[in-house]
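Colleague: Next comes run_2.txt, compact mmCIF, C-alpha atoms:
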```txt
# COMPACT_ATOMS: atom_id res chain seq x y z
CA MET A 1 1.36 -14.60 -62.76
CA GLY A 2 4.92 -15.81 -62.67
CA ALA A 3 6.18 -12.34 -61.93
CA LYS A 4 3.80 -11.96 -59.06
CA LYS A 5 4.91 -15.21 -57.53
CA ASN A 6 8.46 -14.07 -57.75
CA ARG A 7 7.66 -10.85 -55.97
CA ASP A 8 5.91 -12.70 -53.19
CA LYS A 9 8.95 -14.82 -52.74
CA ASN A 10 11.10 -11.77 -52.40
CA ARG A 11 8.82 -10.35 -49.84
CA ASP A 12 9.00 -13.47 -47.77
CA ALA A 13 12.75 -13.59 -47.80
CA PRO A 14 13.51 -10.75 -45.39
CA ALA A 15 11.08 -12.18 -42.89
CA ALA A 16 12.92 -15.45 -42.97
CA ALA A 17 16.16 -13.58 -42.58
CA ALA A 18 14.85 -11.93 -39.48
CA ALA A 19 13.88 -15.20 -37.95
CA GLU A 20 17.28 -16.79 -38.46
CA PRO A 21 19.91 -14.11 -38.61
CA THR A 22 22.81 -16.49 -38.10
CA ALA A 23 21.81 -18.85 -40.84
CA GLU A 24 21.21 -15.93 -43.14
CA THR A 25 24.68 -14.44 -42.94
CA SER A 26 26.25 -17.66 -44.14
CA ALA A 27 23.69 -18.39 -46.83
CA ALA A 28 23.48 -14.92 -48.31
CA GLY A 29 26.61 -15.28 -50.40
CA GLN A 30 25.18 -18.08 -52.54
CA GLU A 31 21.87 -16.48 -53.40
CA GLY A 32 21.52 -14.58 -56.65
CA GLN A 33 19.88 -11.54 -55.12
CA PRO A 34 20.49 -11.46 -51.41
CA PRO A 35 17.85 -9.73 -49.35
CA PRO A 36 19.09 -6.80 -47.28
CA GLU A 37 21.04 -8.29 -44.44
CA PRO A 38 20.80 -7.35 -40.80
CA LYS A 39 24.00 -5.80 -39.56
CA PRO A 40 25.63 -7.97 -36.95
CA PRO A 41 25.81 -6.49 -33.48
CA VAL A 42 29.08 -5.33 -32.00
CA GLN A 43 30.14 -7.84 -29.40
CA VAL A 44 30.79 -5.91 -26.25
CA LEU A 45 32.73 -7.43 -23.42
CA TYR A 46 31.52 -6.50 -19.97
CA CYS A 47 33.56 -6.71 -16.82
CA ALA A 48 32.42 -9.60 -14.67
CA VAL A 49 33.07 -7.60 -11.51
CA CYS A 50 31.46 -4.23 -12.13
CA SER A 51 29.44 -4.97 -15.31
CA PHE A 52 30.95 -1.98 -17.16
CA PRO A 53 32.89 -2.36 -20.38
CA PRO A 54 36.45 -2.89 -19.08
CA GLU A 55 37.62 0.49 -20.35
CA TYR A 56 35.32 2.10 -17.80
CA CYS A 57 36.41 -0.01 -14.85
CA GLU A 58 38.71 2.79 -13.75
CA PHE A 59 35.65 4.87 -12.97
CA GLY A 60 33.87 2.14 -11.10
CA SER A 61 34.10 1.36 -7.42
CA SER A 62 36.10 -1.87 -7.63
CA LEU A 63 39.08 -1.05 -9.84
CA SER A 64 41.60 -3.38 -8.24
CA LYS A 65 39.24 -6.35 -8.40
CA CYS A 66 38.33 -5.50 -12.00
CA LYS A 67 42.02 -5.34 -12.87
CA GLU A 68 42.62 -8.77 -11.39
CA TRP A 69 39.71 -10.21 -13.30
CA LEU A 70 40.83 -8.67 -16.58
CA GLN A 71 44.35 -9.93 -16.16
CA ASP A 72 43.10 -13.44 -15.57
CA ALA A 73 40.40 -13.53 -18.20
CA HIS A 74 41.69 -11.28 -20.98
CA SER A 75 45.38 -10.54 -20.55
CA ASP A 76 45.63 -8.94 -24.00
CA LEU A 77 43.02 -6.39 -23.06
CA PHE A 78 44.75 -5.85 -19.76
CA GLN A 79 47.86 -4.85 -21.67
CA LYS A 80 45.80 -2.52 -23.79
CA TYR A 81 44.18 -0.69 -20.91
CA TYR A 82 46.71 -0.80 -18.09
CA SER A 83 50.18 -0.90 -19.66
CA ASP A 84 52.39 2.12 -19.00
CA GLU A 85 51.93 3.57 -22.45
CA ALA A 86 48.19 3.27 -22.21
CA LEU A 87 48.23 5.04 -18.89
CA GLN A 88 50.39 7.78 -20.36
CA ALA A 89 48.11 8.18 -23.34
CA LYS A 90 45.07 8.27 -21.13
CA ILE A 91 46.24 11.31 -19.26
CA GLY A 92 46.17 13.01 -22.67
CA THR A 93 44.57 16.36 -22.48
CA LEU A 94 43.87 16.24 -18.78
CA SER A 95 46.01 18.34 -16.49
CA LEU A 96 48.15 16.62 -13.90
CA GLU A 97 46.15 17.90 -10.96
CA ALA A 98 42.87 16.73 -12.44
CA GLN A 99 44.42 13.32 -13.05
CA SER A 100 45.65 12.96 -9.48
CA LYS A 101 42.28 14.11 -8.22
CA LEU A 102 40.64 11.47 -10.32
CA GLU A 103 42.88 8.79 -8.88
CA GLN A 104 42.21 9.95 -5.37
CA ASP A 105 38.54 9.88 -6.02
CA ALA A 106 38.73 6.38 -7.41
CA ALA A 107 40.61 5.16 -4.36
CA LYS A 108 38.13 6.82 -2.06
CA LYS A 109 35.21 5.37 -3.93
CA GLU A 110 36.70 1.92 -3.75
CA ALA A 111 37.24 2.12 -0.03
CA LYS A 112 33.70 3.30 0.39
CA ALA A 113 32.29 0.48 -1.69
CA GLU A 114 34.29 -2.05 0.27
CA ALA A 115 33.06 -0.69 3.57
CA LYS A 116 29.54 -0.83 2.23
CA ALA A 117 29.92 -4.44 1.15
CA ASP A 118 31.34 -5.33 4.56
CA ALA A 119 28.44 -3.67 6.30
CA ALA A 120 25.99 -5.53 4.09
CA VAL A 121 27.58 -8.87 4.96
CA LYS A 122 27.55 -8.03 8.66
CA LYS A 123 23.95 -7.00 8.48
CA LYS A 124 23.08 -10.21 6.76
CA LEU A 125 24.79 -12.22 9.46
CA ALA A 126 23.08 -10.27 12.19
CA SER A 127 19.61 -10.28 10.70
CA ARG A 128 17.18 -12.67 12.27
CA ILE A 129 14.32 -14.69 10.97
CA THR A 130 11.27 -15.08 13.10
CA ILE A 131 8.77 -17.83 12.63
CA LYS A 132 5.68 -16.80 14.43
CA ARG A 133 2.77 -19.03 15.26
CA ILE A 134 -0.34 -16.97 15.42
CA GLU A 135 -3.52 -18.33 16.91
CA ARG A 136 -6.59 -17.63 14.84
CA ASN A 137 -9.10 -19.33 17.11
CA LYS A 138 -8.67 -22.06 19.67
CA ARG A 139 -7.44 -24.81 17.41
CA LYS A 140 -6.44 -23.01 14.23
CA HIS A 141 -3.14 -21.29 13.59
CA VAL A 142 -1.28 -19.47 10.89
CA THR A 143 2.49 -19.27 10.63
CA ALA A 144 4.16 -16.01 9.72
CA ILE A 145 7.77 -16.00 8.60
CA HIS A 146 9.54 -12.70 8.72
CA GLY A 147 13.02 -11.68 7.60
CA LEU A 148 13.72 -14.08 4.75
CA GLU A 149 14.38 -11.29 2.25
CA ALA A 150 17.58 -10.32 4.07
CA PHE A 151 19.11 -13.53 2.76
CA GLY A 152 18.25 -12.75 -0.82
CA ILE A 153 15.28 -15.07 -1.04
CA ASP A 154 12.46 -14.24 -3.39
CA LEU A 155 9.49 -14.15 -1.03
CA LYS A 156 6.91 -14.86 -3.68
CA LYS A 157 8.70 -17.95 -4.87
CA ALA A 158 9.37 -19.11 -1.33
CA ALA A 159 5.69 -18.73 -0.49
CA LYS A 160 4.84 -20.85 -3.49
CA GLN A 161 7.29 -23.46 -2.33
CA PHE A 162 5.77 -23.57 1.15
CA ALA A 163 2.29 -23.75 -0.30
CA SER A 164 3.08 -26.77 -2.43
CA LYS A 165 5.09 -28.43 0.32
CA PHE A 166 2.42 -28.17 2.99
CA ALA A 167 -0.52 -28.26 0.59
CA THR A 168 -1.99 -25.16 2.18
CA GLY A 169 -2.34 -21.52 1.31
CA ALA A 170 0.76 -19.37 1.62
CA SER A 171 1.04 -15.76 0.67
CA VAL A 172 3.24 -12.71 0.93
CA THR A 173 1.56 -10.03 2.99
CA LYS A 174 2.56 -6.80 4.64
CA ASN A 175 2.56 -6.88 8.40
CA PRO A 176 1.43 -3.87 10.45
CA GLN A 177 4.99 -2.48 10.38
CA GLY A 178 4.81 -2.43 6.59
CA GLN A 179 7.32 -5.21 6.05
CA ASP A 180 6.73 -8.17 3.84
CA GLU A 181 6.32 -11.56 5.41
CA ILE A 182 5.13 -14.96 4.35
CA VAL A 183 1.95 -16.20 5.95
CA ILE A 184 1.25 -19.91 5.78
CA GLN A 185 -2.04 -21.41 6.84
CA GLY A 186 -1.81 -23.98 9.58
CA ASP A 187 0.74 -24.59 12.28
CA VAL A 188 3.86 -25.52 10.38
CA SER A 189 6.49 -23.64 12.38
CA ASP A 190 8.53 -26.72 13.26
CA ASP A 191 8.43 -27.99 9.70
CA VAL A 192 9.56 -24.62 8.40
CA LEU A 193 12.47 -24.62 10.82
CA GLU A 194 13.42 -28.06 9.61
CA MET A 195 13.24 -26.92 6.01
CA ILE A 196 15.51 -24.00 6.72
CA GLU A 197 18.01 -26.25 8.46
CA GLU A 198 18.04 -28.67 5.55
CA GLU A 199 18.16 -25.83 3.02
CA VAL A 200 15.29 -27.17 0.95
CA GLY A 201 14.82 -25.59 -2.47
CA LEU A 202 15.11 -21.82 -2.29
CA LEU A 203 15.95 -21.62 1.38
CA LYS A 204 19.70 -21.50 1.04
CA GLY A 205 22.42 -19.87 3.07
CA ILE A 206 20.53 -19.25 6.28
CA PRO A 207 22.41 -20.03 9.48
CA ALA A 208 20.04 -22.00 11.70
CA ASP A 209 21.11 -19.96 14.74
CA ASN A 210 19.45 -16.91 13.29
CA VAL A 211 16.04 -18.50 13.26
CA GLU A 212 13.72 -18.27 16.21
CA ILE A 213 10.24 -19.49 16.81
CA VAL A 214 7.83 -17.34 18.76
CA GLU A 215 4.26 -17.87 19.69
CA ASP A 216 1.64 -15.22 19.46
CA LYS A 217 -1.58 -15.90 21.36
CA LYS A 218 -4.62 -13.98 20.39
CA LYS A 219 -5.75 -11.67 23.11
CA LYS A 220 -9.12 -12.46 24.53
CA PRO A 221 -11.64 -9.72 23.93
CA GLY A 222 -12.20 -7.71 27.07
CA ASP A 223 -8.85 -8.70 28.53
CA MET B 1 15.84 9.63 -15.31
CA PHE B 2 17.14 6.34 -13.99
CA LYS B 3 19.31 7.56 -11.18
CA LYS B 4 16.80 6.10 -8.79
CA PHE B 5 14.81 3.26 -10.18
CA SER B 6 13.88 -0.01 -8.62
CA THR B 7 11.95 -2.78 -10.22
CA SER B 8 10.03 -3.60 -7.07
CA THR B 9 8.62 -0.17 -6.32
CA ASP B 10 8.64 1.84 -9.53
CA ILE B 11 6.85 -0.54 -11.86
CA ALA B 12 3.12 -0.12 -12.04
CA GLY B 13 2.32 -2.99 -14.36
CA GLN B 14 3.29 -5.00 -17.36
CA THR B 15 1.10 -5.53 -20.40
CA PRO B 16 1.73 -7.15 -23.75
CA VAL B 17 1.51 -4.63 -26.56
CA LYS B 18 -1.19 -4.97 -29.20
CA THR B 19 0.05 -5.85 -32.65
CA SER B 20 -1.38 -2.68 -34.14
CA VAL B 21 0.38 -0.57 -31.56
CA GLN B 22 3.56 -2.56 -32.11
CA ARG B 23 3.37 -1.73 -35.79
CA SER B 24 3.13 1.98 -35.18
CA LEU B 25 5.91 1.78 -32.60
CA ARG B 26 8.10 0.03 -35.12
CA THR B 27 7.62 2.77 -37.70
CA THR B 28 8.34 5.41 -35.05
CA VAL B 29 11.54 3.67 -34.06
CA LEU B 30 12.59 3.33 -37.70
CA SER B 31 11.98 7.02 -38.28
CA GLN B 32 13.82 8.13 -35.16
CA TRP B 33 16.85 5.86 -35.17
CA LYS B 34 19.33 5.37 -37.97
CA ILE B 35 18.64 1.68 -38.30
CA GLU B 36 17.64 -0.68 -41.09
CA PRO B 37 14.39 -2.60 -40.69
CA GLU B 38 16.35 -5.86 -40.92
CA THR B 39 18.60 -4.97 -38.04
CA LEU B 40 15.68 -3.85 -35.95
CA ASP B 41 14.11 -7.22 -36.62
CA VAL B 42 17.10 -8.85 -34.95
CA ILE B 43 16.84 -6.69 -31.85
CA TRP B 44 13.09 -6.95 -31.77
CA PRO B 45 11.86 -9.95 -33.77
CA LYS B 46 8.44 -9.52 -35.35
CA LYS B 47 7.18 -12.76 -33.92
CA GLU B 48 8.10 -11.99 -30.34
CA GLY B 49 5.63 -10.09 -28.28
CA LEU B 50 6.73 -6.76 -26.96
CA VAL B 51 5.91 -6.11 -23.33
CA HIS B 52 5.13 -2.64 -22.13
CA VAL B 53 6.38 -2.01 -18.62
CA LYS B 54 4.68 0.99 -17.14
CA CYS B 55 6.64 2.87 -14.55
CA ARG B 56 6.08 5.91 -12.42
CA GLU B 57 5.95 9.36 -14.02
CA HIS B 58 4.76 8.27 -17.48
CA LEU B 59 7.87 6.28 -18.13
CA SER B 60 7.41 3.32 -20.44
CA ILE B 61 10.01 0.64 -20.89
CA TYR B 62 9.53 -1.91 -23.65
CA THR B 63 10.99 -5.33 -23.18
CA VAL B 64 11.44 -8.45 -25.29
CA HIS B 65 11.76 -11.61 -23.22
CA GLY B 66 12.06 -9.44 -20.14
CA GLU B 67 15.07 -7.62 -21.52
CA PRO B 68 14.63 -3.87 -21.80
CA ILE B 69 15.06 -2.77 -25.42
CA PHE B 70 13.94 0.83 -25.45
CA PHE B 71 12.10 3.32 -23.33
CA GLN B 72 10.11 6.46 -23.68
CA HIS B 73 9.13 9.22 -21.37
CA PHE B 74 5.56 10.41 -21.91
CA ASP B 75 5.35 11.21 -25.66
CA GLY B 76 9.02 11.98 -26.02
CA PRO B 77 11.55 10.39 -28.29
CA ILE B 78 12.28 6.69 -27.99
CA TYR B 79 15.68 5.90 -26.53
CA PRO B 80 17.44 2.58 -26.85
CA THR B 81 18.87 1.12 -23.67
CA LEU B 82 22.61 1.44 -23.28
CA ARG B 83 23.19 -2.25 -23.83
CA VAL B 84 21.38 -2.10 -27.16
CA LEU B 85 23.35 1.01 -28.10
CA HIS B 86 26.61 -0.78 -27.32
CA LYS B 87 25.66 -3.51 -29.76
CA TYR B 88 24.51 -1.12 -32.46
CA PRO B 89 26.45 2.07 -31.86
CA TYR B 90 25.42 3.78 -35.09
CA ILE B 91 21.70 4.10 -34.35
CA LEU B 92 22.05 7.45 -32.61
CA PRO B 93 24.18 10.43 -33.61
CA MET B 94 27.19 10.69 -31.33
CA VAL B 95 28.76 13.43 -29.29
CA ARG B 96 31.85 13.03 -27.18
CA VAL B 97 32.87 14.55 -23.89
CA ASP B 98 36.40 15.03 -22.66
CA ARG B 99 38.01 12.86 -20.05
CA GLY B 100 37.42 15.25 -17.22
CA ALA B 101 33.67 14.96 -17.66
CA ILE B 102 33.45 11.18 -17.46
CA ARG B 103 33.31 10.91 -13.72
CA PHE B 104 30.56 13.50 -13.50
CA LEU B 105 28.63 11.74 -16.22
CA LEU B 106 28.93 8.48 -14.31
CA ALA B 107 27.42 10.23 -11.34
CA GLY B 108 24.45 11.22 -13.47
CA ALA B 109 25.26 14.86 -14.21
CA HIS B 110 24.07 16.60 -17.35
CA MET B 111 26.76 17.42 -19.86
CA MET B 112 27.86 21.02 -20.02
CA CYS B 113 28.90 22.66 -23.27
CA PRO B 114 32.60 23.20 -22.45
CA GLY B 115 33.09 19.45 -22.05
CA LEU B 116 31.71 18.92 -25.53
CA THR B 117 33.55 21.74 -27.26
CA SER B 118 36.99 21.25 -25.68
CA ALA B 119 39.85 19.37 -27.36
CA GLY B 120 38.76 15.96 -26.12
CA GLY B 121 35.13 16.52 -26.97
CA TYR B 122 33.40 16.11 -30.27
CA LEU B 123 30.36 17.67 -31.85
CA PRO B 124 29.20 16.90 -35.38
CA PRO B 125 30.60 19.30 -37.99
CA PRO B 126 28.40 22.22 -39.07
CA GLY B 127 27.25 20.27 -42.11
CA GLU B 128 25.54 17.69 -39.91
CA ALA B 129 24.58 19.98 -37.08
CA LEU B 130 22.26 18.50 -34.49
CA ALA B 131 19.05 20.23 -33.64
CA ALA B 132 17.93 20.77 -30.09
CA GLU B 133 15.97 17.91 -28.50
CA THR B 134 17.78 15.17 -30.43
CA PRO B 135 18.61 11.91 -28.68
CA VAL B 136 22.36 11.36 -28.83
CA ALA B 137 24.86 8.73 -27.79
CA ILE B 138 27.40 10.19 -25.40
CA HIS B 139 30.87 8.81 -25.95
CA ALA B 140 33.95 9.62 -23.94
CA GLU B 141 37.44 10.69 -24.87
CA GLY B 142 39.72 7.72 -25.51
CA LYS B 143 36.94 5.17 -25.02
CA GLU B 144 35.40 2.89 -27.55
CA HIS B 145 31.90 2.40 -26.22
CA ALA B 146 29.20 4.87 -25.39
CA VAL B 147 28.98 5.87 -21.75
CA GLY B 148 25.51 7.33 -21.79
CA ILE B 149 22.49 8.46 -23.73
CA GLY B 150 21.23 11.98 -23.63
CA ILE B 151 19.10 14.56 -25.34
CA THR B 152 20.53 17.80 -26.70
CA LYS B 153 19.23 20.90 -25.01
CA MET B 154 20.44 23.24 -27.75
CA GLY B 155 21.63 22.84 -31.32
CA SER B 156 25.23 21.78 -31.77
CA GLU B 157 26.11 25.10 -33.42
CA GLU B 158 24.55 26.95 -30.53
CA MET B 159 26.64 24.90 -28.09
CA ARG B 160 29.78 26.05 -29.89
CA LYS B 161 28.67 29.65 -29.81
CA VAL B 162 27.33 29.89 -26.27
CA ASN B 163 29.73 27.37 -24.72
CA LYS B 164 28.03 27.59 -21.38
CA GLY B 165 25.41 25.68 -19.46
CA VAL B 166 23.81 22.34 -20.14
CA GLY B 167 24.40 21.08 -23.67
CA VAL B 168 23.22 17.52 -23.38
CA GLU B 169 20.85 16.33 -20.72
CA THR B 170 21.74 12.86 -19.55
CA VAL B 171 18.93 10.33 -19.81
CA THR B 172 20.68 7.11 -18.89
CA TYR B 173 24.32 6.33 -18.18
CA LEU B 174 26.66 3.51 -17.39
CA GLY B 175 26.00 2.17 -13.94
CA ASP B 176 22.63 3.77 -13.30
CA ASP B 177 19.69 1.76 -12.08
CA LEU B 178 18.46 0.94 -15.58
CA TRP B 179 21.89 -0.46 -16.36
CA ALA B 180 21.64 -2.63 -13.28
CA VAL B 181 18.33 -4.07 -14.47
CA GLN B 182 19.21 -6.81 -16.89
CA THR B 183 15.81 -8.43 -17.00
CA ILE B 184 12.50 -7.22 -15.67
```
Represent the supplied structure as structure tokens.

Modeller:
Amino acid sequence: MGAKKNRDKNRDAPAAAAAEPTAETSAAGQEGQPPPEPKPPVQVLYCAVCSFPPEYCEFGSSLSKCKEWLQDAHSDLFQKYYSDEALQAKIGTLSLEAQSKLEQDAAKKEAKAEAKADAAVKKKLASRITIKRIERNKRKHVTAIHGLEAFGIDLKKAAKQFASKFATGASVTKNPQGQDEIVIQGDVSDDVLEMIEEEVGLLKGIPADNVEIVEDKKKKPGD
Amino acid sequence: MFKKFSTSTDIAGQTPVKTSVQRSLRTTVLSQWKIEPETLDVIWPKKEGLVHVKCREHLSIYTVHGEPIFFQHFDGPIYPTLRVLHKYPYILPMVRVDRGAIRFLLAGAHMMCPGLTSAGGYLPPPGEALAAETPVAIHAEGKEHAVGIGITKMGSEEMRKVNKGVGVETVTYLGDDLWAVQTI
């Protein structure tokens, strides 16, 4: 009986270890028969700019920015990766031409990435948001908001926010052009504009000049 | 596999995994990776539900708390994600490519034999030869951390002998779209 109890205890121990790995590592030394311990993970540092481990920054598209970051945040590592000796050692087995080609490629890639980022910012500034009031029948309207996603807003969450704010239904639907837009029940176009101007909740970083309100009257049948 | 992958269009659905299925998955993982059950428990705690994220083309990603832990294509081997591999580098056998191959690998290319057999490369010695179709961690010359995960297309001895063509097919690599996905 006693032996069985003991065995049960042993069986429980690894489960407990799994639940609290940090506590386990410190406590294991005192126990008579420590249960098999989980191996601690290797802590890997990732570059804050390109998300690669810093040793791979040189292959990324933002080397100069990564270098700056590394020098600021981890100057010891910067020495390790970018000091003259390290650069010499890195060339290693690679021929000189291949090395210069690599550098050229990196520079090219960086320029490309920068141009791309610029274009993205420009596009963001140029993109417009339309708030459209659509007539459903004579006195009922829905409001469709189009173009929010260009400003990095999660449409689903924004719809939820509108729904709770106006206490109506709001959903993300595809319009006939196949783009996502938020449709809110009721005529709330002015309120939405106000919300965007005041940057309520999720609606951040939208220049008010980019927002326009349009009205869409339902065509009469037979017209 | 993950050169083009976007969470908004490529995911078909997410479902929690049944406990019985989780159990069989756990034994599969333990048999395929070189990992102790205790360590696996840290990566994937028993109490936490595993979520199966179904993607296009029979690709399954398994996540814990929205964080991808491992993935599987159809019935193939189970690969850890690169972030998990960085934390536990010993779970897969390693091969190494020379420096010249890194930039191609980072563009998603498969690894050719010469890059593995040259001076900067590394293949396990004949005593521990790898069979074909083994998941491997791809390291790079002069670098500490793995740069990708692949599957061998021929045995390591064959790679030495033939020294031509694709040796390791790249499955996921640093900077691909799976790398960009930190949580689903």

Colleague: Given all atoms listed in the file, how would the per-residue table for chain A near chain B read, listing every residue at most 6 Å away with its closest atom pair and distance in Å to one decimal, sorted by chain and number, as JSON lines?

Modeller:
```
{"residue": "A:Ala18", "atom": "CA", "partner": "B:Asp41", "partner_atom": "CA", "distance": 5.6}
{"residue": "A:Pro38", "atom": "CA", "partner": "B:Thr39", "partner_atom": "CA", "distance": 4.3}
{"residue": "A:Lys39", "atom": "CA", "partner": "B:Thr39", "partner_atom": "CA", "distance": 5.7}
{"residue": "A:Pro41", "atom": "CA", "partner": "B:Lys87", "partner_atom": "CA", "distance": 4.8}
{"residue": "A:Val42", "atom": "CA", "partner": "B:Lys87", "partner_atom": "CA", "distance": 4.5}
```

Colleague: Taking 5 positions as the minimum chain separation for residues in the same chain, which residues sit within 9 Å of Ile61 (chain B) when counting only C-alpha atoms? Answer as a PyMOL selection string.

Modeller: chain B and resi 51-55+68-73

Colleague: I need the residue nearest Leu130 (chain B) from this list: B:Pro16, B:Gly66, B:Pro93, B:Gly165. Use all atoms listed in the file for the distance.

Modeller: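 That would be B:Pro93, the residue with the smallest distance to Leu130 (chain B).
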
Colleague: Which polymer residues have any atom within 10 Å of an atom of Glu55 (chain A), counting all atoms listed in the file, with same-chain residues fewer than 3 positions away left out, as an MDAnalysis selection string?

Modeller: (chainID A and resid 45:47 52 58:59 77:78 80:82) or (chainID B and resid 142:145)

Colleague: Using the selection just defined, write its residues with C-alpha atoms as a PDB file, in the coordinates of the input.

Modeller:
```pdb
ATOM      1  CA  LEU A  45      32.730  -7.430 -23.420  1.00  0.00           C
ATOM      2  CA  TYR A  46      31.520  -6.500 -19.970  1.00  0.00           C
ATOM      3  CA  CYS A  47      33.560  -6.710 -16.820  1.00  0.00           C
ATOM      4  CA  PHE A  52      30.950  -1.980 -17.160  1.00  0.00           C
ATOM      5  CA  GLU A  58      38.710   2.790 -13.750  1.00  0.00           C
ATOM      6  CA  PHE A  59      35.650   4.870 -12.970  1.00  0.00           C
ATOM      7  CA  LEU A  77      43.020  -6.390 -23.060  1.00  0.00           C
ATOM      8  CA  PHE A  78      44.750  -5.850 -19.760  1.00  0.00           C
ATOM      9  CA  LYS A  80      45.800  -2.520 -23.790  1.00  0.00           C
ATOM     10  CA  TYR A  81      44.180  -0.690 -20.910  1.00  0.00           C
ATOM     11  CA  TYR A  82      46.710  -0.800 -18.090  1.00  0.00           C
TER      12      TYR A  82
ATOM     13  CA  GLY B 142      39.720   7.720 -25.510  1.00  0.00           C
ATOM     14  CA  LYS B 143      36.940   5.170 -25.020  1.00  0.00           C
ATOM     15  CA  GLU B 144      35.400   2.890 -27.550  1.00  0.00           C
ATOM     16  CA  HIS B 145      31.900   2.400 -26.220  1.00  0.00           C
TER      17      HIS B 145
END
```

Colleague: For each of B:Thr19, B:Thr63, B:Thr81, B:Ser24, take the minimum atom-to-atom distance to Leu178 (chain B), counting only C-alpha atoms, then give the residue where this is smallest.

Modeller: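 Checking each candidate against Leu178 (chain B), we get B:Thr81 as the closest.
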
Colleague: Can you work out the spacing between CA of Glu181 (chain A) and CA of Glu135 (chain A) in Å, to one decimal?

Modeller: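 Distance reported for this atom pair: 16.6 Å.
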
Colleague: Extract, using all atoms listed in the file, all DNA, RNA and protein residues at most 10 Å from region 153-167 of chain A, discarding same-chain residues fewer than 6 positions from it, and format them as a PDB file with C-alpha atoms, in the coordinates of the input.

Modeller:
```
ATOM      1  CA  ILE A 145       7.770 -16.000   8.600  1.00  0.00           C
ATOM      2  CA  HIS A 146       9.540 -12.700   8.720  1.00  0.00           C
ATOM      3  CA  GLY A 147      13.020 -11.680   7.600  1.00  0.00           C
ATOM      4  CA  THR A 173       1.560 -10.030   2.990  1.00  0.00           C
ATOM      5  CA  ASP A 180       6.730  -8.170   3.840  1.00  0.00           C
ATOM      6  CA  GLU A 181       6.320 -11.560   5.410  1.00  0.00           C
ATOM      7  CA  ILE A 182       5.130 -14.960   4.350  1.00  0.00           C
ATOM      8  CA  VAL A 183       1.950 -16.200   5.950  1.00  0.00           C
ATOM      9  CA  ILE A 184       1.250 -19.910   5.780  1.00  0.00           C
ATOM     10  CA  GLN A 185      -2.040 -21.410   6.840  1.00  0.00           C
ATOM     11  CA  GLY A 186      -1.810 -23.980   9.580  1.00  0.00           C
ATOM     12  CA  VAL A 188       3.860 -25.520  10.380  1.00  0.00           C
ATOM     13  CA  ASP A 191       8.430 -27.990   9.700  1.00  0.00           C
ATOM     14  CA  VAL A 192       9.560 -24.620   8.400  1.00  0.00           C
ATOM     15  CA  MET A 195      13.240 -26.920   6.010  1.00  0.00           C
ATOM     16  CA  VAL A 200      15.290 -27.170   0.950  1.00  0.00           C
ATOM     17  CA  GLY A 201      14.820 -25.590  -2.470  1.00  0.00           C
ATOM     18  CA  LEU A 202      15.110 -21.820  -2.290  1.00  0.00           C
ATOM     19  CA  LEU A 203      15.950 -21.620   1.380  1.00  0.00           C
ATOM     20  CA  LYS A 204      19.700 -21.500   1.040  1.00  0.00           C
ATOM     21  CA  GLY A 205      22.420 -19.870   3.070  1.00  0.00           C
ATOM     22  CA  ILE A 206      20.530 -19.250   6.280  1.00  0.00           C
TER      23      ILE A 206
END
```

Colleague: For CA of Pro77 (chain B) and CA of Pro135 (chain B), determine how far apart the two atoms are, in Å to one decimal place.

Modeller: 7.2 Å

Colleague: Please return region 145-154 of chain B, rebuilt to N, CA and C atoms, as a compact mmCIF listing (two decimals), keeping the file's coordinate frame.

Modeller:
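Below is the file that was written, part17.txt:
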```txt
# COMPACT_ATOMS: atom_id res chain seq x y z
N HIS B 145 33.35 2.58 -26.32
CA HIS B 145 31.90 2.40 -26.22
C HIS B 145 31.23 3.63 -25.61
N ALA B 146 29.96 3.74 -25.91
CA ALA B 146 29.20 4.87 -25.39
C ALA B 146 29.11 4.76 -23.87
N VAL B 147 29.06 5.88 -23.21
CA VAL B 147 28.98 5.87 -21.75
C VAL B 147 27.60 6.30 -21.29
N GLY B 148 26.84 6.91 -22.20
CA GLY B 148 25.51 7.33 -21.79
C GLY B 148 24.67 7.71 -22.98
N ILE B 149 23.40 7.99 -22.70
CA ILE B 149 22.49 8.46 -23.73
C ILE B 149 21.87 9.74 -23.21
N GLY B 150 21.77 10.71 -24.09
CA GLY B 150 21.23 11.98 -23.63
C GLY B 150 20.38 12.63 -24.70
N ILE B 151 19.88 13.80 -24.38
CA ILE B 151 19.10 14.56 -25.34
C ILE B 151 19.68 15.97 -25.38
N THR B 152 19.90 16.49 -26.59
CA THR B 152 20.53 17.80 -26.70
C THR B 152 19.55 18.86 -26.22
N LYS B 153 20.08 19.83 -25.51
CA LYS B 153 19.23 20.90 -25.01
C LYS B 153 19.32 22.14 -25.91
N MET B 154 20.36 22.18 -26.74
CA MET B 154 20.44 23.24 -27.75
C MET B 154 21.09 22.65 -28.99
```
